[in-house]
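Next comes input_2.pdb, a file with PDB, C-alpha atoms, pLDDT in the B column.
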ATOM      1  CA  MET A   1     166.029 131.930 132.147  1.00 39.00           C
ATOM      2  CA  LEU A   2     163.870 132.299 129.051  1.00 39.00           C
ATOM      3  CA  VAL A   3     163.436 129.100 127.099  1.00 40.00           C
ATOM      4  CA  VAL A   4     162.904 129.641 123.384  1.00 40.00           C
ATOM      5  CA  ILE A   5     161.410 126.883 121.320  1.00 40.00           C
ATOM      6  CA  GLY A   6     162.192 126.982 117.629  1.00 41.00           C
ATOM      7  CA  PRO A   7     160.176 125.441 114.855  1.00 41.00           C
ATOM      8  CA  THR A   8     162.051 122.135 115.079  1.00 40.00           C
ATOM      9  CA  MET A   9     161.709 121.939 118.901  1.00 42.00           C
ATOM     10  CA  ALA A  10     158.018 122.844 119.169  1.00 41.00           C
ATOM     11  CA  PRO A  11     155.797 119.907 120.117  1.00 42.00           C
ATOM     12  CA  ASP A  12     152.861 119.131 117.898  1.00 45.00           C
ATOM     13  CA  CYS A  13     150.361 120.880 120.142  1.00 43.00           C
ATOM     14  CA  SER A  14     147.900 121.227 117.284  1.00 43.00           C
ATOM     15  CA  GLU A  15     147.064 117.512 117.405  1.00 46.00           C
ATOM     16  CA  PRO A  16     144.325 117.945 120.074  1.00 43.00           C
ATOM     17  CA  ILE A  17     142.866 120.700 117.925  1.00 41.00           C
ATOM     18  CA  ARG A  18     142.818 118.442 114.861  1.00 45.00           C
ATOM     19  CA  ARG A  19     141.183 115.696 116.886  1.00 44.00           C
ATOM     20  CA  GLN A  20     138.556 118.081 118.191  1.00 42.00           C
ATOM     21  CA  ARG A  21     137.814 119.347 114.680  1.00 43.00           C
ATOM     22  CA  LYS A  22     137.667 115.806 113.268  1.00 42.00           C
ATOM     23  CA  THR A  23     135.316 114.702 116.022  1.00 42.00           C
ATOM     24  CA  HIS A  24     133.082 117.675 115.484  1.00 40.00           C
ATOM     25  CA  ARG A  25     133.007 117.128 111.721  1.00 41.00           C
ATOM     26  CA  SER A  26     131.856 113.560 112.256  1.00 38.00           C
ATOM     27  CA  ALA A  27     129.140 114.644 114.689  1.00 39.00           C
ATOM     28  CA  GLY A  28     128.061 117.466 112.429  1.00 39.00           C
ATOM     29  CA  GLY A  29     127.533 115.210 109.440  1.00 39.00           C
ATOM     30  CA  LYS A  30     124.153 113.979 110.624  1.00 39.00           C
ATOM     31  CA  GLU A  31     121.223 114.199 108.299  1.00 44.00           C
ATOM     32  CA  GLY A  32     119.359 117.488 108.370  1.00 42.00           C
ATOM     33  CA  GLU A  33     122.236 119.839 109.270  1.00 43.00           C
ATOM     34  CA  ASP A  34     122.777 122.783 106.945  1.00 48.00           C
ATOM     35  CA  ASP A  35     125.989 123.055 104.923  1.00 51.00           C
ATOM     36  CA  ASP A  36     126.364 126.700 105.909  1.00 52.00           C
ATOM     37  CA  GLU A  37     126.435 125.828 109.610  1.00 49.00           C
ATOM     38  CA  MET A  38     129.035 123.132 108.956  1.00 49.00           C
ATOM     39  CA  GLU A  39     131.248 125.573 107.060  1.00 54.00           C
ATOM     40  CA  GLU A  40     131.025 128.088 109.919  1.00 51.00           C
ATOM     41  CA  GLU A  41     132.162 125.475 112.436  1.00 49.00           C
ATOM     42  CA  VAL A  42     135.049 124.275 110.253  1.00 51.00           C
ATOM     43  CA  ASP A  43     136.144 127.871 109.608  1.00 57.00           C
ATOM     44  CA  ALA A  44     136.201 128.535 113.345  1.00 51.00           C
ATOM     45  CA  MET A  45     138.383 125.478 113.989  1.00 55.00           C
ATOM     46  CA  ASP A  46     140.701 126.336 111.092  1.00 61.00           C
ATOM     47  CA  ALA A  47     141.207 129.875 112.362  1.00 57.00           C
ATOM     48  CA  MET A  48     141.937 128.614 115.879  1.00 54.00           C
ATOM     49  CA  GLU A  49     144.515 126.099 114.651  1.00 59.00           C
ATOM     50  CA  GLN A  50     146.248 128.604 112.380  1.00 61.00           C
ATOM     51  CA  LEU A  51     146.593 131.160 115.167  1.00 57.00           C
ATOM     52  CA  PHE A  52     148.028 128.571 117.529  1.00 54.00           C
ATOM     53  CA  LEU A  53     150.547 127.294 114.973  1.00 60.00           C
ATOM     54  CA  ILE A  54     151.638 130.837 114.138  1.00 59.00           C
ATOM     55  CA  CYS A  55     152.225 131.438 117.825  1.00 59.00           C
ATOM     56  CA  LEU A  56     154.383 128.320 118.151  1.00 54.00           C
ATOM     57  CA  THR A  57     156.515 129.054 115.102  1.00 59.00           C
ATOM     58  CA  TYR A  58     157.587 132.541 116.229  1.00 52.00           C
ATOM     59  CA  HIS A  59     160.998 132.148 117.921  1.00 45.00           C
ATOM     60  CA  HIS A  60     160.582 135.157 120.171  1.00 53.00           C
ATOM     61  CA  LEU A  61     157.400 133.886 121.883  1.00 54.00           C
ATOM     62  CA  PRO A  62     157.741 131.518 124.859  1.00 60.00           C
ATOM     63  CA  GLU A  63     155.716 128.335 125.058  1.00 57.00           C
ATOM     64  CA  ASN A  64     153.713 129.415 128.109  1.00 64.00           C
ATOM     65  CA  LEU A  65     152.594 132.549 126.264  1.00 62.00           C
ATOM     66  CA  CYS A  66     151.329 130.427 123.377  1.00 62.00           C
ATOM     67  CA  TRP A  67     149.344 128.268 125.772  1.00 63.00           C
ATOM     68  CA  ALA A  68     147.957 131.367 127.477  1.00 68.00           C
ATOM     69  CA  ALA A  69     146.809 132.673 124.080  1.00 64.00           C
ATOM     70  CA  ALA A  70     145.343 129.296 123.149  1.00 67.00           C
ATOM     71  CA  VAL A  71     142.997 129.087 126.160  1.00 74.00           C
ATOM     72  CA  PRO A  72     140.651 131.952 125.191  1.00 78.00           C
ATOM     73  CA  ILE A  73     140.763 130.814 121.554  1.00 76.00           C
ATOM     74  CA  LEU A  74     139.675 127.330 122.623  1.00 77.00           C
ATOM     75  CA  LEU A  75     136.895 128.773 124.773  1.00 83.00           C
ATOM     76  CA  ILE A  76     135.627 130.981 121.934  1.00 85.00           C
ATOM     77  CA  ALA A  77     135.715 128.081 119.464  1.00 80.00           C
ATOM     78  CA  ALA A  78     133.888 125.816 121.924  1.00 81.00           C
ATOM     79  CA  ALA A  79     131.210 128.483 122.444  1.00 82.00           C
ATOM     80  CA  VAL A  80     130.736 128.909 118.676  1.00 79.00           C
ATOM     81  CA  ILE A  81     130.436 125.144 118.182  1.00 80.00           C
ATOM     82  CA  ALA A  82     127.953 124.872 121.052  1.00 75.00           C
ATOM     83  CA  VAL A  83     125.741 127.639 119.626  1.00 72.00           C
ATOM     84  CA  LEU A  84     125.753 126.070 116.153  1.00 71.00           C
ATOM     85  CA  ALA A  85     125.009 122.617 117.582  1.00 71.00           C
ATOM     86  CA  ILE A  86     122.050 123.970 119.571  1.00 67.00           C
ATOM     87  CA  ARG A  87     120.811 125.758 116.469  1.00 65.00           C
ATOM     88  CA  ALA A  88     121.008 122.586 114.381  1.00 64.00           C
ATOM     89  CA  THR A  89     119.250 120.569 117.110  1.00 64.00           C
ATOM     90  CA  LEU A  90     116.378 122.974 117.744  1.00 62.00           C
ATOM     91  CA  TYR A  91     115.823 123.854 114.080  1.00 64.00           C
ATOM     92  CA  ASN A  92     115.281 120.561 112.300  1.00 68.00           C
ATOM     93  CA  PRO A  93     112.021 120.934 110.340  1.00 73.00           C
ATOM     94  CA  THR A  94     110.351 117.841 108.949  1.00 78.00           C
ATOM     95  CA  SER A  95     107.724 117.564 106.253  1.00 80.00           C
ATOM     96  CA  PRO A  96     104.132 118.338 107.256  1.00 85.00           C
ATOM     97  CA  GLU A  97     101.560 115.568 106.916  1.00 90.00           C
ATOM     98  CA  PHE A  98      98.658 116.466 104.606  1.00 93.00           C
ATOM     99  CA  SER A  99      95.305 114.883 103.883  1.00 95.00           C
ATOM    100  CA  VAL A 100      92.070 115.813 102.129  1.00 95.00           C
ATOM    101  CA  ALA A 101      89.448 116.414 104.794  1.00 94.00           C
ATOM    102  CA  ALA A 102      86.504 117.271 102.516  1.00 93.00           C
ATOM    103  CA  ILE A 103      85.449 118.260  99.000  1.00 94.00           C
ATOM    104  CA  GLN A 104      82.205 119.738  97.730  1.00 93.00           C
ATOM    105  CA  ALA A 105      81.116 121.081  94.346  1.00 93.00           C
ATOM    106  CA  ARG A 106      78.756 123.904  93.446  1.00 90.00           C
ATOM    107  CA  ASN A 107      76.962 124.954  90.247  1.00 89.00           C
ATOM    108  CA  LEU A 108      77.444 121.625  88.472  1.00 88.00           C
ATOM    109  CA  ASP A 109      73.733 121.386  87.690  1.00 82.00           C
ATOM    110  CA  GLN A 110      73.371 124.932  86.361  1.00 77.00           C
ATOM    111  CA  PRO A 111      74.137 126.372  82.929  1.00 74.00           C
ATOM    112  CA  VAL A 112      77.174 128.640  82.860  1.00 67.00           C
ATOM    113  CA  LYS A 113      75.856 132.134  82.137  1.00 67.00           C
ATOM    114  CA  ASP A 114      78.740 134.108  83.649  1.00 60.00           C
ATOM    115  CA  HIS A 115      81.612 133.658  86.093  1.00 64.00           C
ATOM    116  CA  ARG A 116      79.202 133.622  89.043  1.00 70.00           C
ATOM    117  CA  HIS A 117      77.671 130.370  87.789  1.00 76.00           C
ATOM    118  CA  ARG A 118      80.839 128.542  86.817  1.00 86.00           C
ATOM    119  CA  PRO A 119      81.556 125.210  88.571  1.00 91.00           C
ATOM    120  CA  GLU A 120      83.265 125.591  91.921  1.00 92.00           C
ATOM    121  CA  PHE A 121      85.127 122.964  93.969  1.00 95.00           C
ATOM    122  CA  ASP A 122      85.789 123.622  97.638  1.00 94.00           C
ATOM    123  CA  VAL A 123      88.588 121.403  98.970  1.00 94.00           C
ATOM    124  CA  THR A 124      89.543 121.362 102.652  1.00 93.00           C
ATOM    125  CA  LEU A 125      93.159 120.341 103.176  1.00 93.00           C
ATOM    126  CA  ARG A 126      94.296 119.223 106.628  1.00 93.00           C
ATOM    127  CA  ALA A 127      97.888 119.798 107.732  1.00 91.00           C
ATOM    128  CA  GLY A 128      99.569 118.110 110.667  1.00 88.00           C
ATOM    129  CA  TYR A 129     103.037 119.274 111.736  1.00 74.00           C
ATOM    130  CA  PRO A 130     105.110 116.950 113.936  1.00 67.00           C
ATOM    131  CA  ASN A 131     107.764 119.417 115.179  1.00 73.00           C
ATOM    132  CA  PRO A 132     106.569 120.998 118.457  1.00 74.00           C
ATOM    133  CA  ARG A 133     109.233 123.740 118.541  1.00 76.00           C
ATOM    134  CA  LEU A 134     108.316 125.430 115.246  1.00 82.00           C
ATOM    135  CA  SER A 135     105.368 127.508 114.103  1.00 85.00           C
ATOM    136  CA  VAL A 136     104.194 127.363 110.501  1.00 88.00           C
ATOM    137  CA  SER A 137     102.305 129.773 108.258  1.00 89.00           C
ATOM    138  CA  TYR A 138     100.650 128.598 105.048  1.00 90.00           C
ATOM    139  CA  LYS A 139     100.438 131.746 102.942  1.00 89.00           C
ATOM    140  CA  GLU A 140      97.538 132.703 100.725  1.00 88.00           C
ATOM    141  CA  GLY A 141      97.975 132.347  96.997  1.00 86.00           C
ATOM    142  CA  GLY A 142      99.950 129.588  95.356  1.00 89.00           C
ATOM    143  CA  GLU A 143      98.454 127.343  92.691  1.00 92.00           C
ATOM    144  CA  ALA A 144      96.028 124.441  92.873  1.00 95.00           C
ATOM    145  CA  SER A 145      94.457 122.084  90.355  1.00 95.00           C
ATOM    146  CA  LEU A 146      91.891 119.292  90.459  1.00 96.00           C
ATOM    147  CA  VAL A 147      91.958 116.377  87.996  1.00 95.00           C
ATOM    148  CA  PHE A 148      89.176 113.876  87.262  1.00 95.00           C
ATOM    149  CA  LYS A 149      89.295 111.241  84.505  1.00 92.00           C
ATOM    150  CA  ASN A 150      92.630 112.682  83.302  1.00 91.00           C
ATOM    151  CA  GLN A 151      91.036 116.099  82.745  1.00 91.00           C
ATOM    152  CA  LYS A 152      91.769 119.243  84.745  1.00 92.00           C
ATOM    153  CA  ILE A 153      88.356 120.253  86.018  1.00 93.00           C
ATOM    154  CA  GLY A 154      89.348 123.041  88.393  1.00 93.00           C
ATOM    155  CA  GLN A 155      92.069 125.610  89.046  1.00 93.00           C
ATOM    156  CA  GLY A 156      92.474 127.925  92.006  1.00 93.00           C
ATOM    157  CA  GLN A 157      94.485 128.862  95.075  1.00 89.00           C
ATOM    158  CA  ILE A 158      94.494 129.182  98.863  1.00 89.00           C
ATOM    159  CA  LEU A 159      92.264 132.090  99.831  1.00 85.00           C
ATOM    160  CA  SER A 160      93.762 133.119 103.163  1.00 87.00           C
ATOM    161  CA  THR A 161      96.846 132.636 105.337  1.00 90.00           C
ATOM    162  CA  VAL A 162      96.561 129.893 107.964  1.00 89.00           C
ATOM    163  CA  GLU A 163      98.731 129.885 111.097  1.00 89.00           C
ATOM    164  CA  GLN A 164      99.852 126.691 112.835  1.00 86.00           C
ATOM    165  CA  PRO A 165     101.435 127.395 116.248  1.00 83.00           C
ATOM    166  CA  PRO A 166     103.811 124.975 118.019  1.00 80.00           C
ATOM    167  CA  ASN A 167     101.896 122.093 119.609  1.00 75.00           C
ATOM    168  CA  GLY A 168      98.776 123.466 117.929  1.00 68.00           C
ATOM    169  CA  GLY A 169      97.730 120.177 116.378  1.00 80.00           C
ATOM    170  CA  SER A 170      96.279 119.864 112.895  1.00 88.00           C
ATOM    171  CA  VAL A 171      94.852 122.830 111.001  1.00 89.00           C
ATOM    172  CA  ASP A 172      92.468 122.999 108.040  1.00 91.00           C
ATOM    173  CA  PHE A 173      92.763 125.484 105.222  1.00 87.00           C
ATOM    174  CA  PRO A 174      90.336 125.954 102.321  1.00 90.00           C
ATOM    175  CA  VAL A 175      91.350 125.679  98.684  1.00 93.00           C
ATOM    176  CA  VAL A 176      88.843 127.008  96.140  1.00 93.00           C
ATOM    177  CA  LEU A 177      89.037 125.827  92.521  1.00 94.00           C
ATOM    178  CA  TYR A 178      86.931 126.979  89.588  1.00 92.00           C
ATOM    179  CA  GLY A 179      86.042 124.979  86.506  1.00 87.00           C
ATOM    180  CA  ASN A 180      84.675 125.534  83.026  1.00 72.00           C
ATOM    181  CA  GLY A 181      87.898 125.567  81.157  1.00 71.00           C
ATOM    182  CA  PRO A 182      89.652 125.721  79.104  1.00 70.00           C
ATOM    183  CA  PRO A 183      88.514 123.146  78.139  1.00 75.00           C
ATOM    184  CA  PRO A 184      84.983 123.525  79.564  1.00 81.00           C
ATOM    185  CA  LEU A 185      83.504 120.719  81.613  1.00 86.00           C
ATOM    186  CA  SER A 186      81.614 118.329  79.390  1.00 87.00           C
ATOM    187  CA  PRO A 187      78.087 117.167  80.265  1.00 88.00           C
ATOM    188  CA  GLU A 188      79.491 113.661  80.824  1.00 90.00           C
ATOM    189  CA  ILE A 189      82.021 114.932  83.388  1.00 91.00           C
ATOM    190  CA  LYS A 190      79.358 116.927  85.223  1.00 90.00           C
ATOM    191  CA  LYS A 191      77.026 113.927  85.273  1.00 91.00           C
ATOM    192  CA  SER A 192      79.734 111.683  86.718  1.00 92.00           C
ATOM    193  CA  LEU A 193      80.531 114.215  89.454  1.00 93.00           C
ATOM    194  CA  ILE A 194      76.859 114.574  90.389  1.00 91.00           C
ATOM    195  CA  ASP A 195      76.219 110.820  90.332  1.00 90.00           C
ATOM    196  CA  GLY A 196      76.142 109.490  93.881  1.00 86.00           C
ATOM    197  CA  ALA A 197      76.133 105.796  92.964  1.00 85.00           C
ATOM    198  CA  THR A 198      79.700 105.561  91.658  1.00 88.00           C
ATOM    199  CA  GLU A 199      82.989 106.112  93.447  1.00 91.00           C
ATOM    200  CA  LYS A 200      85.159 108.805  91.895  1.00 94.00           C
ATOM    201  CA  SER A 201      88.967 108.861  91.744  1.00 95.00           C
ATOM    202  CA  MET A 202      90.487 112.368  91.809  1.00 96.00           C
ATOM    203  CA  VAL A 203      93.845 114.119  92.196  1.00 97.00           C
ATOM    204  CA  VAL A 204      94.402 117.503  93.809  1.00 97.00           C
ATOM    205  CA  THR A 205      97.770 119.231  93.494  1.00 96.00           C
ATOM    206  CA  ILE A 206      98.648 122.325  95.506  1.00 95.00           C
ATOM    207  CA  GLU A 207     101.761 124.506  95.572  1.00 93.00           C
ATOM    208  CA  VAL A 208     101.737 126.729  98.641  1.00 90.00           C
ATOM    209  CA  PRO A 209     104.227 129.234 100.109  1.00 90.00           C
ATOM    210  CA  MET A 210     105.177 128.100 103.594  1.00 90.00           C
ATOM    211  CA  GLU A 211     106.988 129.988 106.358  1.00 90.00           C
ATOM    212  CA  ILE A 212     108.679 128.170 109.243  1.00 86.00           C
ATOM    213  CA  ASN A 213     109.448 130.257 112.339  1.00 83.00           C
ATOM    214  CA  SER A 214     111.404 129.660 115.531  1.00 76.00           C
ATOM    215  CA  TRP A 215     113.551 131.750 117.879  1.00 73.00           C
ATOM    216  CA  VAL A 216     116.609 130.160 116.255  1.00 70.00           C
ATOM    217  CA  ARG A 217     115.813 130.749 112.602  1.00 73.00           C
ATOM    218  CA  ASN A 218     113.085 131.699 110.109  1.00 80.00           C
ATOM    219  CA  GLU A 219     112.750 130.115 106.684  1.00 83.00           C
ATOM    220  CA  ARG A 220     110.372 130.530 103.748  1.00 88.00           C
ATOM    221  CA  LYS A 221     109.934 127.869 101.092  1.00 87.00           C
ATOM    222  CA  ASP A 222     107.403 126.620  98.549  1.00 90.00           C
ATOM    223  CA  ILE A 223     106.069 123.105  99.005  1.00 91.00           C
ATOM    224  CA  LYS A 224     104.118 120.941  96.579  1.00 94.00           C
ATOM    225  CA  ILE A 225     101.341 118.636  97.802  1.00 95.00           C
ATOM    226  CA  SER A 226      99.749 115.950  95.648  1.00 96.00           C
ATOM    227  CA  CYS A 227      96.853 113.838  96.935  1.00 97.00           C
ATOM    228  CA  ASN A 228      95.228 110.903  95.110  1.00 97.00           C
ATOM    229  CA  PHE A 229      91.855 110.231  96.715  1.00 97.00           C
ATOM    230  CA  ARG A 230      88.559 108.460  96.103  1.00 95.00           C
ATOM    231  CA  VAL A 231      85.174 109.989  96.848  1.00 94.00           C
ATOM    232  CA  LYS A 232      81.839 108.360  97.577  1.00 88.00           C
ATOM    233  CA  ASN A 233      78.473 110.070  97.035  1.00 88.00           C
ATOM    234  CA  SER A 234      77.703 113.041  94.845  1.00 90.00           C
ATOM    235  CA  LEU A 235      80.054 116.013  94.980  1.00 92.00           C
ATOM    236  CA  MET A 236      76.987 118.236  95.274  1.00 90.00           C
ATOM    237  CA  ASN A 237      76.262 116.757  98.707  1.00 87.00           C
ATOM    238  CA  LYS A 238      78.341 115.871 101.734  1.00 78.00           C
ATOM    239  CA  THR A 239      81.051 113.552 100.475  1.00 85.00           C
ATOM    240  CA  LYS A 240      83.021 110.780 102.113  1.00 85.00           C
ATOM    241  CA  ILE A 241      86.724 110.294 101.376  1.00 92.00           C
ATOM    242  CA  SER A 242      87.017 106.522 101.137  1.00 91.00           C
ATOM    243  CA  SER A 243      90.791 106.346 100.577  1.00 94.00           C
ATOM    244  CA  GLN A 244      93.686 108.672  99.854  1.00 96.00           C
ATOM    245  CA  GLU A 245      97.446 108.974  99.555  1.00 96.00           C
ATOM    246  CA  CYS A 246      99.276 112.303  99.797  1.00 96.00           C
ATOM    247  CA  ARG A 247     102.881 113.116  98.892  1.00 94.00           C
ATOM    248  CA  THR A 248     104.807 116.268  99.712  1.00 92.00           C
ATOM    249  CA  GLU A 249     107.855 117.794  98.029  1.00 90.00           C
ATOM    250  CA  PHE A 250     109.369 119.583 101.024  1.00 78.00           C
TER     251      PHE A 250
END

Encoded form using structure tokens:
Amino acid sequence: MLVVIGPTMAPDCSEPIRRQRKTHRSAGGKEGEDDDEMEEEVDAMDAMEQLFLICLTYHHLPENLCWAAAVPILLIAAAVIAVLAIRATLYNPTSPEFSVAAIQARNLDQPVKDHRHRPEFDVTLRAGYPNPRLSVSYKEGGEASLVFKNQKIGQGQILSTVEQPPNGGSVDFPVVLYGNGPPPLSPEIKKSLIDGATEKSMVVTIEVPMEINSWVRNERKDIKISCNFRVKNSLMNKTKISSQECRTEF
């Protein structure tokens, strides 16, 4: 005999589904998970629940048929949730750690006759990346500036792309900045930079295009690095970074 369950007789079989969705929402709310991934998971659970409720409310469908239809839906939803959870776990990029490894100046003691003799500042920036599952590319270009005594003494960019493979450790990439204005470097500024007896406080700011790659997902974003550092010795010679503090807008 066929047993037909009407809307008033149907048990609330959607309660396990609601509990599963609620549990997954709570687990998915951890810091670092993308909103798009969360919406995909919730949409999958909503679709599964709606299909199951529609099945139960049709008078001509038996209960065992609804349960038979619910099993593959549950399996598909569980597979989707598992894939999204793995994606969120494996792709969780954190901010790189930057520091100024070296700085050296050229042409500070020469008169500026043309662009070949303008002051040049070569800054070596060191990047450490703590996530071992992701590779990073720091793209050429961007913008960089160097400030000394509240005056911008150099402007430039990253000259070439630098690759940082997973578990590759720290990498160095050169940033070249050119001076002489506007406004042009004053004789007092040049003298202070050449002087090896006084410690110099400087700020370098760099905006660089960055590409993060993994088998799960690729992402491109611009990051801004600002380093306050102090330099001993003359910038015309080998310098020593006595102290520094770098911040990154990631």

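With only C-alpha atoms as the atoms that count, the minimum distance from Glu143 (chain A) to the choices A:Thr94, A:Ser186, A:Ser160, A:Thr205 is reached by A:Thr205.
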
Original post:
With only C-alpha atoms as the atoms that count, which of A:Met236, A:Ala105, A:Val136, A:Val203 lies nearest to Lys221 (chain A)?
Top reply: A:Val136

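For the pair CA of Gln155 (chain A) and CA of Ser95 (chain A), the separation is 24.6 Å.
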
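A straight line drawn from CA of Asn237 (chain A) to CA of Val100 (chain A) is 16.2 Å long.
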
**OP:** Find the distance between CA of Ser243 (chain A) and CA of Val231 (chain A) and write it in Å to one decimal.
**Re:** 7.7 Å

**OP:** Name all residues at most 8 Å from Lys240 (chain A) (count all atoms listed in the file; drop same-chain ones fewer than 4 positions away) and give them as a VMD selection string.
**Re:** chain A and resid 102 231 to 233

Original post:
So which residues get picked by the PyMOL selection byres ((chain A and resi 202) around 9) here, written as a count of residues only?
Top reply: 14

Please complete region 171-188 of chain A with N, CA and C atoms and give it back as a compact mmCIF listing (two decimals), in the frame of the given file.
# COMPACT_ATOMS: atom_id res chain seq x y z
N VAL A 171 95.64 121.68 111.43
CA VAL A 171 94.85 122.83 111.00
C VAL A 171 94.28 122.53 109.62
N ASP A 172 93.11 123.12 109.35
CA ASP A 172 92.47 123.00 108.04
C ASP A 172 92.57 124.32 107.30
N PHE A 173 92.82 124.25 106.01
CA PHE A 173 92.76 125.48 105.22
C PHE A 173 92.04 125.21 103.91
N PRO A 174 91.18 126.16 103.50
CA PRO A 174 90.34 125.95 102.32
C PRO A 174 91.09 126.27 101.04
N VAL A 175 90.83 125.46 100.04
CA VAL A 175 91.35 125.68 98.68
C VAL A 175 90.15 125.72 97.75
N VAL A 176 89.98 126.83 97.04
CA VAL A 176 88.84 127.01 96.14
C VAL A 176 89.33 126.91 94.70
N LEU A 177 88.68 126.03 93.92
CA LEU A 177 89.04 125.83 92.52
C LEU A 177 87.82 126.06 91.65
N TYR A 178 88.02 126.68 90.51
CA TYR A 178 86.93 126.98 89.59
C TYR A 178 87.12 126.21 88.28
N GLY A 179 86.00 125.75 87.74
CA GLY A 179 86.04 124.98 86.51
C GLY A 179 85.56 125.76 85.30
N ASN A 180 85.17 125.02 84.30
CA ASN A 180 84.68 125.53 83.03
C ASN A 180 85.77 126.10 82.13
N GLY A 181 86.92 125.40 82.21
CA GLY A 181 87.90 125.57 81.16
C GLY A 181 88.95 126.61 81.35
N PRO A 182 89.74 126.66 80.24
CA PRO A 182 89.65 125.72 79.10
C PRO A 182 90.32 124.39 79.41
N PRO A 183 89.79 123.26 78.87
CA PRO A 183 88.51 123.15 78.14
C PRO A 183 87.34 123.15 79.11
N PRO A 184 86.15 123.51 78.68
CA PRO A 184 84.98 123.52 79.56
C PRO A 184 84.60 122.11 79.99
N LEU A 185 83.93 122.03 81.12
CA LEU A 185 83.50 120.72 81.61
C LEU A 185 82.41 120.17 80.70
N SER A 186 82.60 118.95 80.28
CA SER A 186 81.61 118.33 79.39
C SER A 186 80.41 117.87 80.20
N PRO A 187 79.27 117.69 79.55
CA PRO A 187 78.09 117.17 80.26
C PRO A 187 78.35 115.81 80.91
N GLU A 188 79.19 114.98 80.26
CA GLU A 188 79.49 113.66 80.82
C GLU A 188 80.27 113.80 82.13
